Amino acid sequence: MDISTLNSAQREAVTAPLEHILLLAGAGSGKTKCLTHRIAWLLKTEQTYPHNILAVTFTNKAANEMRSRIDALLKKPAKGLWAGTFHSIAHRLLRIHWKDANLPQAFQILDSQDQLRILKQVVKSLNIDKETLSPKRAQHFINACKDEALRAKDIVIEVEEKFLKAKMLEIYSAYEETCQRTGVVDFAELLLRSYELLRDHPPLLEYYQQRFRHIHVDEFQDTNTIQYKNLQLLAGKQGKMFVVFDDDQSIYAWRGAKLENIQQIQQDFSETRLMRLEQNYRSTGIILEAANALIANNKGRLGKKLWTQDKAGEPVNLYTAYSEIDEAQFVAEKIQAWQGKRVEIAILYRTTAQSRQFEEALLLKGMPYRIYGGQRFYERLEIKNMLAYLRLLVHRDDDSAFERVINTPKRGIGNRTVDILRSLARQQGNSMWQAACAVLETKQLKARAANSLTTFLNLIEQLTAQLKDLPLHEKVEQIKIVTGFIAHYKKESKQEAEKRLENLEELVTAARQFEQLNKNKSNLLTAFLDHAALEAGERQSSQFDDCVQLMTLHAAKGLEFKVVFICGLEEGLFPHQNSLDESKLEEERRLCYVGITRARQYLYLCHSKSRYRYGMRDRCIPSRFIQEVPLELIQDVRLKSAMAPSL
DNA sequence: TAAGCCGAACTTTTT
DNA sequence: GTTCGGCTTA
């Protein structure tokens, strides 16, 4: 086991005795390196088997990265080692122990879009005015409850806000009932279910506690309550935690992440040891100084100062644009002038909507780019429709899939009929599929509707029988043809239709690839659907290797680039409008800190004097974050070609 | 039942 | 400026 590439602090952490280790690791201090070396170290020297190791991350990207780095260190795949996101690990447990978790074997995963669709129906059916309580708000409430490990029945209503809270609880209960009845599980539910599964089945829990003697968590500052509870159960009395975190990079409080978990773990686990990594190997002295100065404005930090042996490097560049178009043009021209590889450049922004200007500017110059985030492949309408058919093949009771395609493409089944099926299903406590079968026995429907419905049910039955033994990509191909999607999308405007048809074709390709990567998997279709729900896929497959990287600041965490542009540094955009009060502001500042510390050599901060928002041109004030970077570190830049257009 | 028109709401970040 | 949902009409 080679530890010669580690510095002394890293080496100390990697070879630490078997206690609970909390590693406070600053940006660019080599935390992933530490984590992977620690795992390799355990396997080599502590008579540990891959089987005994659990490694948890937050994104699929990070999980894949960790896996391949461990494999590289060991020079062979670490078979039996579990590495994945919290959600994928919870999901894995539920698939194995579906019976104990009280789920149907073919349960399906609900993304936030589908969750909202269901909630709209629930709100409607409870006759709640959506002016007083929007489905979106109910969605937030429910997810927040689940993140706190609370079921509807666990929640007590306090005197104040009684009415609204009672309504929300009513929705929560009805939603729970609908999900259970139709065998679907949302993201937060994956974590809550797996927690309950372990908690309520002692023999099962004991097995996993015996198994996972070593639990590793990356980005621990971003864990929420239910994630923490899962970890706590799995660790039990014997499991050893190795937890890496950076309080200054906590950027997910909005989805329930609890920085306090760092204190909590010190209370709950005896004999924890806190270690630090503060030497930065990524950025120049000036970039680090800028980052340190900015983050010093936050209160209540654990306190940490990054340092480097590197030289000071170039000053931070500041560009003041006249409009968002000018801003994008400036960035594109700078990139055009860049001599190195384009993959070394990242354009970072606060909101996904900002990406469009950069796309246009880069397109104009013929610069290849790649966008991360935004609408993803498996979230596109045409893809979701196709997947809904696939879901019905394996799980008839999946109402959200059923509703999505019962009349897509149009086959003469209107809202009227769908409404009948929906209320029938609820009354009888079964799914819409079952309700549809039952209602055809009676004479409740008009002949025309009944005919159309029969056609639809037969279509699904036929497909199931016909496609049973075909390989996965053939199934996708057949559905594309038989359901009439091709004709359906050809009716749309030409450009739109072309895109959609291309995407359908890409789904076939994706299925084929998935097949090849998972040859030994038994239930390929189910696995493919899970993959689609949990890993949503990138927005576009890149045709070029050397692309400029475009992403939100959130998506940039954990990555590094030689050149970084942080754009739209304006009050109301970054920090964002909804985050201007004190508590949320610190998280925005941390987000900015994350952005700055992504840069290795060159950092550009951009802001614009005006910007289109809500169809209006707004005047913009430079972000306070710009002023928080010491003036002596900054140099103003101008671009001749972008001088004063008439605005 | 389907298509087309009009007004409202919308843009935070992800699994 | 766009998208989504509700309402009206054929």
# chains A, B, ... in the order shown; residues from 1 in each chain; ligands from 1
>>> residues_around(residues="region 265-281 of chain A", least_positions_apart="3", cutoff="10 Å", atoms="only C-alpha atoms (C1' of nucleotides)", output="ChimeraX atom specification")
/A:7-10,12-13,16-17,19-31,34,228,232,235-237,240-246,260-262,284-285,288,304-310,597,600
>>> residues_around(residues="DG4 (chain B)", least_positions_apart="3", cutoff="12 Å", atoms="only C-alpha atoms (C1' of nucleotides)", output="mmCIF file with N, CA and C atoms (P, O5', C5', C4', C3', O3' and C1' of nucleotides), in the first residue's frame")
data_model
loop_
_atom_site.group_PDB
_atom_site.id
_atom_site.type_symbol
_atom_site.label_atom_id
_atom_site.label_comp_id
_atom_site.auth_asym_id
_atom_site.auth_seq_id
_atom_site.Cartn_x
_atom_site.Cartn_y
_atom_site.Cartn_z
ATOM 1 P P DC C 7 -62.077 26.188 -14.845
ATOM 2 O "O5'" DC C 7 -62.732 26.881 -16.113
ATOM 3 C "C5'" DC C 7 -62.409 28.241 -16.452
ATOM 4 C "C4'" DC C 7 -62.645 28.447 -17.932
ATOM 5 C "C3'" DC C 7 -63.984 27.865 -18.421
ATOM 6 O "O3'" DC C 7 -64.816 28.906 -18.913
ATOM 7 C "C1'" DC C 7 -62.171 27.262 -19.868
ATOM 8 P P DT C 8 -66.342 28.525 -19.366
ATOM 9 O "O5'" DT C 8 -66.170 28.586 -20.948
ATOM 10 C "C5'" DT C 8 -65.533 29.719 -21.563
ATOM 11 C "C4'" DT C 8 -65.348 29.449 -23.043
ATOM 12 C "C3'" DT C 8 -66.627 28.953 -23.734
ATOM 13 O "O3'" DT C 8 -66.865 29.719 -24.914
ATOM 14 C "C1'" DT C 8 -64.821 27.465 -24.167
ATOM 15 P P DT C 9 -68.299 29.584 -25.628
ATOM 16 O "O5'" DT C 9 -67.926 28.796 -26.959
ATOM 17 C "C5'" DT C 9 -66.858 29.263 -27.794
ATOM 18 C "C4'" DT C 9 -66.403 28.149 -28.710
ATOM 19 C "C3'" DT C 9 -67.538 27.507 -29.538
ATOM 20 O "O3'" DT C 9 -67.147 27.462 -30.901
ATOM 21 C "C1'" DT C 9 -66.255 25.842 -28.470
ATOM 22 P P DA C 10 -68.245 27.187 -32.002
ATOM 23 O "O5'" DA C 10 -67.667 25.894 -32.721
ATOM 24 C "C5'" DA C 10 -66.352 25.904 -33.286
ATOM 25 C "C4'" DA C 10 -65.953 24.478 -33.586
ATOM 26 C "C3'" DA C 10 -66.964 23.710 -34.450
ATOM 27 O "O3'" DA C 10 -66.269 22.970 -35.439
ATOM 28 C "C1'" DA C 10 -66.583 22.544 -32.426
#
>>> residues_around(residues="region 312-325 of chain A", least_positions_apart="3", cutoff="6 Å", atoms="only C-alpha atoms (C1' of nucleotides)", output="MDAnalysis selection string")
chainID A and resid 284:286 328 603:611 633:637
>>> write_last_selection(atoms="all heavy atoms", output="short mmCIF file (atom, residue, chain, number, x, y, z; two decimals), in the first residue's frame")
data_model
loop_
_atom_site.label_atom_id
_atom_site.label_comp_id
_atom_site.auth_asym_id
_atom_site.auth_seq_id
_atom_site.Cartn_x
_atom_site.Cartn_y
_atom_site.Cartn_z
N THR A 284 -4.10 28.82 -6.60
CA THR A 284 -3.02 29.76 -6.36
C THR A 284 -3.24 30.50 -5.04
O THR A 284 -4.36 30.49 -4.51
CB THR A 284 -2.96 30.83 -7.47
OG1 THR A 284 -4.17 31.59 -7.41
CG2 THR A 284 -2.80 30.21 -8.83
N GLY A 285 -2.20 31.15 -4.55
CA GLY A 285 -2.29 31.89 -3.30
C GLY A 285 -3.38 32.95 -3.31
O GLY A 285 -4.15 33.09 -2.36
N ILE A 286 -3.47 33.66 -4.42
CA ILE A 286 -4.45 34.75 -4.49
C ILE A 286 -5.88 34.21 -4.47
O ILE A 286 -6.75 34.75 -3.77
CB ILE A 286 -4.20 35.61 -5.76
CG1 ILE A 286 -3.00 36.52 -5.49
CG2 ILE A 286 -5.43 36.43 -6.13
CD1 ILE A 286 -2.71 37.51 -6.59
N ALA A 328 -22.10 37.11 -21.57
CA ALA A 328 -21.86 35.83 -22.24
C ALA A 328 -20.84 35.99 -23.36
O ALA A 328 -19.97 35.14 -23.56
CB ALA A 328 -23.17 35.28 -22.80
N LEU A 603 -9.34 32.93 -12.18
CA LEU A 603 -10.70 33.12 -11.71
C LEU A 603 -11.27 34.42 -12.27
O LEU A 603 -10.64 35.48 -12.16
CB LEU A 603 -10.71 33.17 -10.17
CG LEU A 603 -12.06 33.48 -9.51
CD1 LEU A 603 -13.07 32.37 -9.79
CD2 LEU A 603 -11.88 33.67 -8.01
N TYR A 604 -12.45 34.33 -12.90
CA TYR A 604 -13.15 35.51 -13.40
C TYR A 604 -14.45 35.66 -12.63
O TYR A 604 -15.22 34.71 -12.53
CB TYR A 604 -13.48 35.36 -14.89
CG TYR A 604 -12.29 35.51 -15.80
CD1 TYR A 604 -11.48 34.41 -16.08
CD2 TYR A 604 -11.97 36.73 -16.38
CE1 TYR A 604 -10.39 34.54 -16.93
CE2 TYR A 604 -10.88 36.86 -17.23
CZ TYR A 604 -10.09 35.77 -17.50
OH TYR A 604 -9.02 35.89 -18.34
N LEU A 605 -14.67 36.86 -12.11
CA LEU A 605 -15.97 37.17 -11.52
C LEU A 605 -16.69 38.12 -12.46
O LEU A 605 -16.12 39.14 -12.85
CB LEU A 605 -15.79 37.83 -10.14
CG LEU A 605 -14.95 37.05 -9.12
CD1 LEU A 605 -14.84 37.84 -7.82
CD2 LEU A 605 -15.55 35.67 -8.86
N CYS A 606 -17.92 37.77 -12.84
CA CYS A 606 -18.64 38.61 -13.78
C CYS A 606 -19.97 39.06 -13.19
O CYS A 606 -20.64 38.31 -12.50
CB CYS A 606 -18.94 37.85 -15.08
SG CYS A 606 -17.48 37.12 -15.82
N HIS A 607 -20.32 40.30 -13.49
CA HIS A 607 -21.66 40.76 -13.16
C HIS A 607 -22.12 41.71 -14.24
O HIS A 607 -21.31 42.25 -15.00
CB HIS A 607 -21.69 41.44 -11.79
CG HIS A 607 -20.98 42.75 -11.75
ND1 HIS A 607 -21.65 43.96 -11.74
CD2 HIS A 607 -19.67 43.05 -11.72
CE1 HIS A 607 -20.76 44.94 -11.71
NE2 HIS A 607 -19.56 44.43 -11.69
N SER A 608 -23.41 41.89 -14.32
CA SER A 608 -23.96 42.72 -15.38
C SER A 608 -24.74 43.88 -14.77
O SER A 608 -25.30 43.75 -13.68
CB SER A 608 -24.87 41.87 -16.26
OG SER A 608 -25.49 42.70 -17.22
N LYS A 609 -24.77 44.98 -15.50
CA LYS A 609 -25.49 46.16 -15.00
C LYS A 609 -26.99 46.02 -15.20
O LYS A 609 -27.77 46.70 -14.55
CB LYS A 609 -25.00 47.42 -15.71
CG LYS A 609 -23.61 47.85 -15.25
CD LYS A 609 -23.22 49.15 -15.90
CE LYS A 609 -21.96 49.70 -15.24
NZ LYS A 609 -21.43 50.86 -16.00
N SER A 610 -27.37 45.16 -16.13
CA SER A 610 -28.80 44.95 -16.35
C SER A 610 -29.03 43.51 -16.78
O SER A 610 -28.10 42.83 -17.22
CB SER A 610 -29.32 45.89 -17.44
OG SER A 610 -28.87 45.44 -18.70
N ARG A 611 -30.25 43.07 -16.63
CA ARG A 611 -30.54 41.67 -16.94
C ARG A 611 -32.04 41.51 -17.19
O ARG A 611 -32.86 42.12 -16.52
CB ARG A 611 -30.10 40.79 -15.77
CG ARG A 611 -30.19 39.28 -16.02
CD ARG A 611 -29.60 38.51 -14.86
NE ARG A 611 -28.17 38.71 -14.75
CZ ARG A 611 -27.26 37.98 -15.38
NH1 ARG A 611 -27.64 36.99 -16.17
NH2 ARG A 611 -25.97 38.23 -15.23
N LEU A 633 -6.70 42.19 -4.53
CA LEU A 633 -6.57 40.91 -5.23
C LEU A 633 -7.20 40.97 -6.62
O LEU A 633 -7.06 40.06 -7.43
CB LEU A 633 -7.23 39.78 -4.44
CG LEU A 633 -6.76 39.55 -3.01
CD1 LEU A 633 -7.55 38.41 -2.39
CD2 LEU A 633 -5.28 39.25 -2.98
N ILE A 634 -7.94 42.07 -6.87
CA ILE A 634 -8.78 42.13 -8.06
C ILE A 634 -8.19 43.03 -9.13
O ILE A 634 -7.62 44.07 -8.83
CB ILE A 634 -10.18 42.67 -7.67
CG1 ILE A 634 -10.88 41.67 -6.77
CG2 ILE A 634 -11.02 42.97 -8.91
CD1 ILE A 634 -12.26 42.08 -6.34
N GLN A 635 -8.34 42.61 -10.38
CA GLN A 635 -8.05 43.56 -11.47
C GLN A 635 -9.26 43.62 -12.39
O GLN A 635 -9.88 42.61 -12.71
CB GLN A 635 -6.78 43.14 -12.24
CG GLN A 635 -7.00 42.12 -13.33
CD GLN A 635 -5.72 41.77 -14.06
OE1 GLN A 635 -4.66 42.36 -13.85
NE2 GLN A 635 -5.82 40.78 -14.94
N ASP A 636 -9.58 44.86 -12.79
CA ASP A 636 -10.72 45.07 -13.68
C ASP A 636 -10.33 44.73 -15.10
O ASP A 636 -9.24 45.05 -15.53
CB ASP A 636 -11.16 46.54 -13.63
CG ASP A 636 -12.39 46.69 -12.76
OD1 ASP A 636 -13.44 46.15 -13.17
OD2 ASP A 636 -12.29 47.31 -11.69
N VAL A 637 -11.21 44.07 -15.82
CA VAL A 637 -10.92 43.81 -17.22
C VAL A 637 -11.97 44.41 -18.12
O VAL A 637 -13.14 44.53 -17.76
CB VAL A 637 -10.80 42.30 -17.52
CG1 VAL A 637 -9.50 41.75 -17.01
CG2 VAL A 637 -11.98 41.55 -16.94
#
>>> interface_residues(of="chain B", to="chain A", cutoff="9 Å", atoms="only C-alpha atoms (C1' of nucleotides)", output="list in words")
DT1, DA2, DC10, DT11, DT12, DT13, DT14 and DT15 of chain B
>>> select_by_dssp(residues="region 289-365 of chain A", states="strand (DSSP E)", output="PyMOL selection string")
chain A and resi 316-321+345-349
>>> closest_atom_pairs(of="chain C", to="chain A", cutoff="12 Å", atoms="only C-alpha atoms (C1' of nucleotides)", output="CSV")
residue,atom,partner,partner_atom,distance
C:DG1,C1',A:Gly615,CA,4.7
C:DT2,C1',A:Gly615,CA,9.1
C:DG5,C1',A:Lys120,CA,11.6
>>> select_by_dssp(residues="region 45-109 of chain A", states="alpha helix (DSSP H)", output="number ranges by chain")
A: 45, 60-74, 86-96
>>> closest_residue(among="A:Lys99, A:Arg589, A:Lys124, A:Arg11", to="Ser423 (chain A)", atoms="only C-alpha atoms")
A:Lys124
>>> decode(residues="chain C", atoms="all heavy atoms", output="short mmCIF file (atom, residue, chain, number, x, y, z; two decimals), in the first residue's frame")
data_model
loop_
_atom_site.label_atom_id
_atom_site.label_comp_id
_atom_site.auth_asym_id
_atom_site.auth_seq_id
_atom_site.Cartn_x
_atom_site.Cartn_y
_atom_site.Cartn_z
P DG C 1 -40.62 38.83 -25.57
OP1 DG C 1 -40.25 39.92 -26.46
OP2 DG C 1 -41.83 38.03 -25.87
"O5'" DG C 1 -39.41 37.83 -25.58
"C5'" DG C 1 -38.63 37.56 -24.41
"C4'" DG C 1 -39.10 36.33 -23.69
"O4'" DG C 1 -39.70 36.72 -22.44
"C3'" DG C 1 -40.18 35.50 -24.40
"O3'" DG C 1 -39.68 34.19 -24.61
"C2'" DG C 1 -41.35 35.44 -23.44
"C1'" DG C 1 -40.71 35.81 -22.13
N9 DG C 1 -41.63 36.45 -21.21
C8 DG C 1 -42.30 37.63 -21.38
N7 DG C 1 -43.06 37.94 -20.37
C5 DG C 1 -42.88 36.89 -19.49
C6 DG C 1 -43.44 36.65 -18.22
O6 DG C 1 -44.24 37.36 -17.61
N1 DG C 1 -42.98 35.46 -17.67
C2 DG C 1 -42.09 34.60 -18.26
N2 DG C 1 -41.76 33.51 -17.58
N3 DG C 1 -41.55 34.81 -19.43
C4 DG C 1 -42.00 35.97 -20.00
P DT C 2 -40.38 33.23 -25.65
OP1 DT C 2 -39.34 32.80 -26.58
OP2 DT C 2 -41.67 33.77 -26.13
"O5'" DT C 2 -40.71 32.00 -24.68
"C5'" DT C 2 -39.74 31.58 -23.73
"C4'" DT C 2 -40.43 30.81 -22.63
"O4'" DT C 2 -41.20 31.73 -21.82
"C3'" DT C 2 -41.43 29.77 -23.16
"O3'" DT C 2 -41.15 28.52 -22.56
"C2'" DT C 2 -42.79 30.30 -22.74
"C1'" DT C 2 -42.43 31.12 -21.51
N1 DT C 2 -43.41 32.18 -21.17
C2 DT C 2 -43.98 32.17 -19.91
O2 DT C 2 -43.71 31.34 -19.06
N3 DT C 2 -44.87 33.18 -19.68
C4 DT C 2 -45.25 34.18 -20.56
O4 DT C 2 -46.07 35.02 -20.23
C5 DT C 2 -44.63 34.12 -21.86
C7 DT C 2 -44.98 35.15 -22.88
C6 DT C 2 -43.74 33.14 -22.11
P DT C 3 -41.66 27.20 -23.33
OP1 DT C 3 -40.43 26.59 -23.85
OP2 DT C 3 -42.79 27.49 -24.23
"O5'" DT C 3 -42.21 26.30 -22.14
"C5'" DT C 3 -41.80 26.55 -20.80
"C4'" DT C 3 -42.99 26.44 -19.87
"O4'" DT C 3 -43.73 27.69 -19.85
"C3'" DT C 3 -44.01 25.36 -20.27
"O3'" DT C 3 -44.34 24.61 -19.12
"C2'" DT C 3 -45.20 26.16 -20.78
"C1'" DT C 3 -45.11 27.39 -19.90
N1 DT C 3 -45.82 28.59 -20.41
C2 DT C 3 -46.55 29.34 -19.51
O2 DT C 3 -46.65 29.06 -18.32
N3 DT C 3 -47.17 30.43 -20.04
C4 DT C 3 -47.14 30.84 -21.36
O4 DT C 3 -47.75 31.85 -21.72
C5 DT C 3 -46.36 30.02 -22.25
C7 DT C 3 -46.27 30.37 -23.70
C6 DT C 3 -45.74 28.94 -21.73
P DC C 4 -44.83 23.08 -19.27
OP1 DC C 4 -43.68 22.24 -18.95
OP2 DC C 4 -45.53 22.92 -20.57
"O5'" DC C 4 -45.92 22.95 -18.13
"C5'" DC C 4 -45.86 23.79 -16.96
"C4'" DC C 4 -47.27 24.28 -16.64
"O4'" DC C 4 -47.58 25.45 -17.42
"C3'" DC C 4 -48.36 23.25 -16.95
"O3'" DC C 4 -49.08 22.94 -15.77
"C2'" DC C 4 -49.23 23.92 -18.00
"C1'" DC C 4 -48.94 25.40 -17.76
N1 DC C 4 -49.16 26.25 -18.96
C2 DC C 4 -49.86 27.45 -18.81
O2 DC C 4 -50.30 27.79 -17.71
N3 DC C 4 -50.05 28.23 -19.91
C4 DC C 4 -49.57 27.85 -21.09
N4 DC C 4 -49.78 28.65 -22.14
C5 DC C 4 -48.86 26.62 -21.26
C6 DC C 4 -48.68 25.86 -20.17
P DG C 5 -50.04 21.64 -15.72
OP1 DG C 5 -49.43 20.66 -14.81
OP2 DG C 5 -50.40 21.23 -17.10
"O5'" DG C 5 -51.36 22.21 -15.04
"C5'" DG C 5 -51.35 23.48 -14.39
"C4'" DG C 5 -52.65 24.21 -14.66
"O4'" DG C 5 -52.51 25.01 -15.87
"C3'" DG C 5 -53.85 23.29 -14.89
"O3'" DG C 5 -54.95 23.82 -14.18
"C2'" DG C 5 -54.08 23.37 -16.40
"C1'" DG C 5 -53.65 24.79 -16.69
N9 DG C 5 -53.27 25.05 -18.07
C8 DG C 5 -52.52 24.27 -18.91
N7 DG C 5 -52.33 24.78 -20.09
C5 DG C 5 -53.01 26.00 -20.04
C6 DG C 5 -53.17 27.00 -21.02
O6 DG C 5 -52.74 27.02 -22.17
N1 DG C 5 -53.93 28.06 -20.55
C2 DG C 5 -54.47 28.15 -19.29
N2 DG C 5 -55.17 29.25 -19.03
N3 DG C 5 -54.33 27.22 -18.36
C4 DG C 5 -53.59 26.18 -18.80
P DG C 6 -56.24 22.91 -13.90
OP1 DG C 6 -56.24 22.58 -12.48
OP2 DG C 6 -56.30 21.83 -14.91
"O5'" DG C 6 -57.42 23.93 -14.20
"C5'" DG C 6 -57.30 25.31 -13.84
"C4'" DG C 6 -58.16 26.15 -14.78
"O4'" DG C 6 -57.50 26.29 -16.07
"C3'" DG C 6 -59.55 25.54 -15.06
"O3'" DG C 6 -60.52 26.57 -15.00
"C2'" DG C 6 -59.41 24.99 -16.48
"C1'" DG C 6 -58.43 25.98 -17.10
N9 DG C 6 -57.68 25.45 -18.23
C8 DG C 6 -57.01 24.25 -18.29
N7 DG C 6 -56.42 24.06 -19.44
C5 DG C 6 -56.70 25.20 -20.18
C6 DG C 6 -56.32 25.57 -21.49
O6 DG C 6 -55.63 24.92 -22.29
N1 DG C 6 -56.83 26.81 -21.85
C2 DG C 6 -57.60 27.61 -21.03
N2 DG C 6 -57.99 28.78 -21.55
N3 DG C 6 -57.96 27.28 -19.80
C4 DG C 6 -57.48 26.07 -19.44
P DC C 7 -62.08 26.19 -14.84
OP1 DC C 7 -62.57 26.86 -13.63
OP2 DC C 7 -62.23 24.71 -15.00
"O5'" DC C 7 -62.73 26.88 -16.11
"C5'" DC C 7 -62.41 28.24 -16.45
"C4'" DC C 7 -62.64 28.45 -17.93
"O4'" DC C 7 -61.61 27.77 -18.67
"C3'" DC C 7 -63.98 27.87 -18.42
"O3'" DC C 7 -64.82 28.91 -18.91
"C2'" DC C 7 -63.59 26.87 -19.50
"C1'" DC C 7 -62.17 27.26 -19.87
N1 DC C 7 -61.34 26.12 -20.33
C2 DC C 7 -60.76 26.17 -21.60
O2 DC C 7 -60.94 27.16 -22.31
N3 DC C 7 -60.02 25.11 -22.01
C4 DC C 7 -59.84 24.05 -21.21
N4 DC C 7 -59.09 23.04 -21.66
C5 DC C 7 -60.43 23.98 -19.92
C6 DC C 7 -61.17 25.03 -19.52
P DT C 8 -66.34 28.52 -19.37
OP1 DT C 8 -67.23 29.62 -18.94
OP2 DT C 8 -66.66 27.13 -19.00
"O5'" DT C 8 -66.17 28.59 -20.95
"C5'" DT C 8 -65.53 29.72 -21.56
"C4'" DT C 8 -65.35 29.45 -23.04
"O4'" DT C 8 -64.36 28.40 -23.22
"C3'" DT C 8 -66.63 28.95 -23.73
"O3'" DT C 8 -66.87 29.72 -24.91
"C2'" DT C 8 -66.34 27.50 -24.08
"C1'" DT C 8 -64.82 27.46 -24.17
N1 DT C 8 -64.21 26.14 -23.83
C2 DT C 8 -63.36 25.54 -24.74
O2 DT C 8 -63.07 26.02 -25.80
N3 DT C 8 -62.85 24.33 -24.33
C4 DT C 8 -63.12 23.67 -23.14
O4 DT C 8 -62.60 22.59 -22.88
C5 DT C 8 -64.03 24.35 -22.25
C7 DT C 8 -64.39 23.72 -20.93
C6 DT C 8 -64.53 25.55 -22.62
P DT C 9 -68.30 29.58 -25.63
OP1 DT C 9 -68.70 30.96 -26.00
OP2 DT C 9 -69.19 28.75 -24.83
"O5'" DT C 9 -67.93 28.80 -26.96
"C5'" DT C 9 -66.86 29.26 -27.79
"C4'" DT C 9 -66.40 28.15 -28.71
"O4'" DT C 9 -65.83 27.08 -27.92
"C3'" DT C 9 -67.54 27.51 -29.54
"O3'" DT C 9 -67.15 27.46 -30.90
"C2'" DT C 9 -67.67 26.11 -28.96
"C1'" DT C 9 -66.25 25.84 -28.47
N1 DT C 9 -66.12 24.81 -27.41
C2 DT C 9 -65.19 23.81 -27.57
O2 DT C 9 -64.46 23.73 -28.53
N3 DT C 9 -65.13 22.90 -26.53
C4 DT C 9 -65.91 22.88 -25.39
O4 DT C 9 -65.76 22.02 -24.54
C5 DT C 9 -66.87 23.96 -25.29
C7 DT C 9 -67.77 24.04 -24.09
C6 DT C 9 -66.94 24.86 -26.29
P DA C 10 -68.24 27.19 -32.00
OP1 DA C 10 -68.17 28.32 -32.96
OP2 DA C 10 -69.53 26.84 -31.37
"O5'" DA C 10 -67.67 25.89 -32.72
"C5'" DA C 10 -66.35 25.90 -33.29
"C4'" DA C 10 -65.95 24.48 -33.59
"O4'" DA C 10 -65.85 23.75 -32.34
"C3'" DA C 10 -66.96 23.71 -34.45
"O3'" DA C 10 -66.27 22.97 -35.44
"C2'" DA C 10 -67.67 22.79 -33.48
"C1'" DA C 10 -66.58 22.54 -32.43
N9 DA C 10 -67.10 22.23 -31.09
C8 DA C 10 -68.09 22.89 -30.42
N7 DA C 10 -68.33 22.40 -29.23
C5 DA C 10 -67.44 21.34 -29.11
C6 DA C 10 -67.18 20.42 -28.08
N6 DA C 10 -67.84 20.40 -26.93
N1 DA C 10 -66.21 19.50 -28.31
C2 DA C 10 -65.55 19.52 -29.46
N3 DA C 10 -65.70 20.35 -30.49
C4 DA C 10 -66.67 21.24 -30.25
#
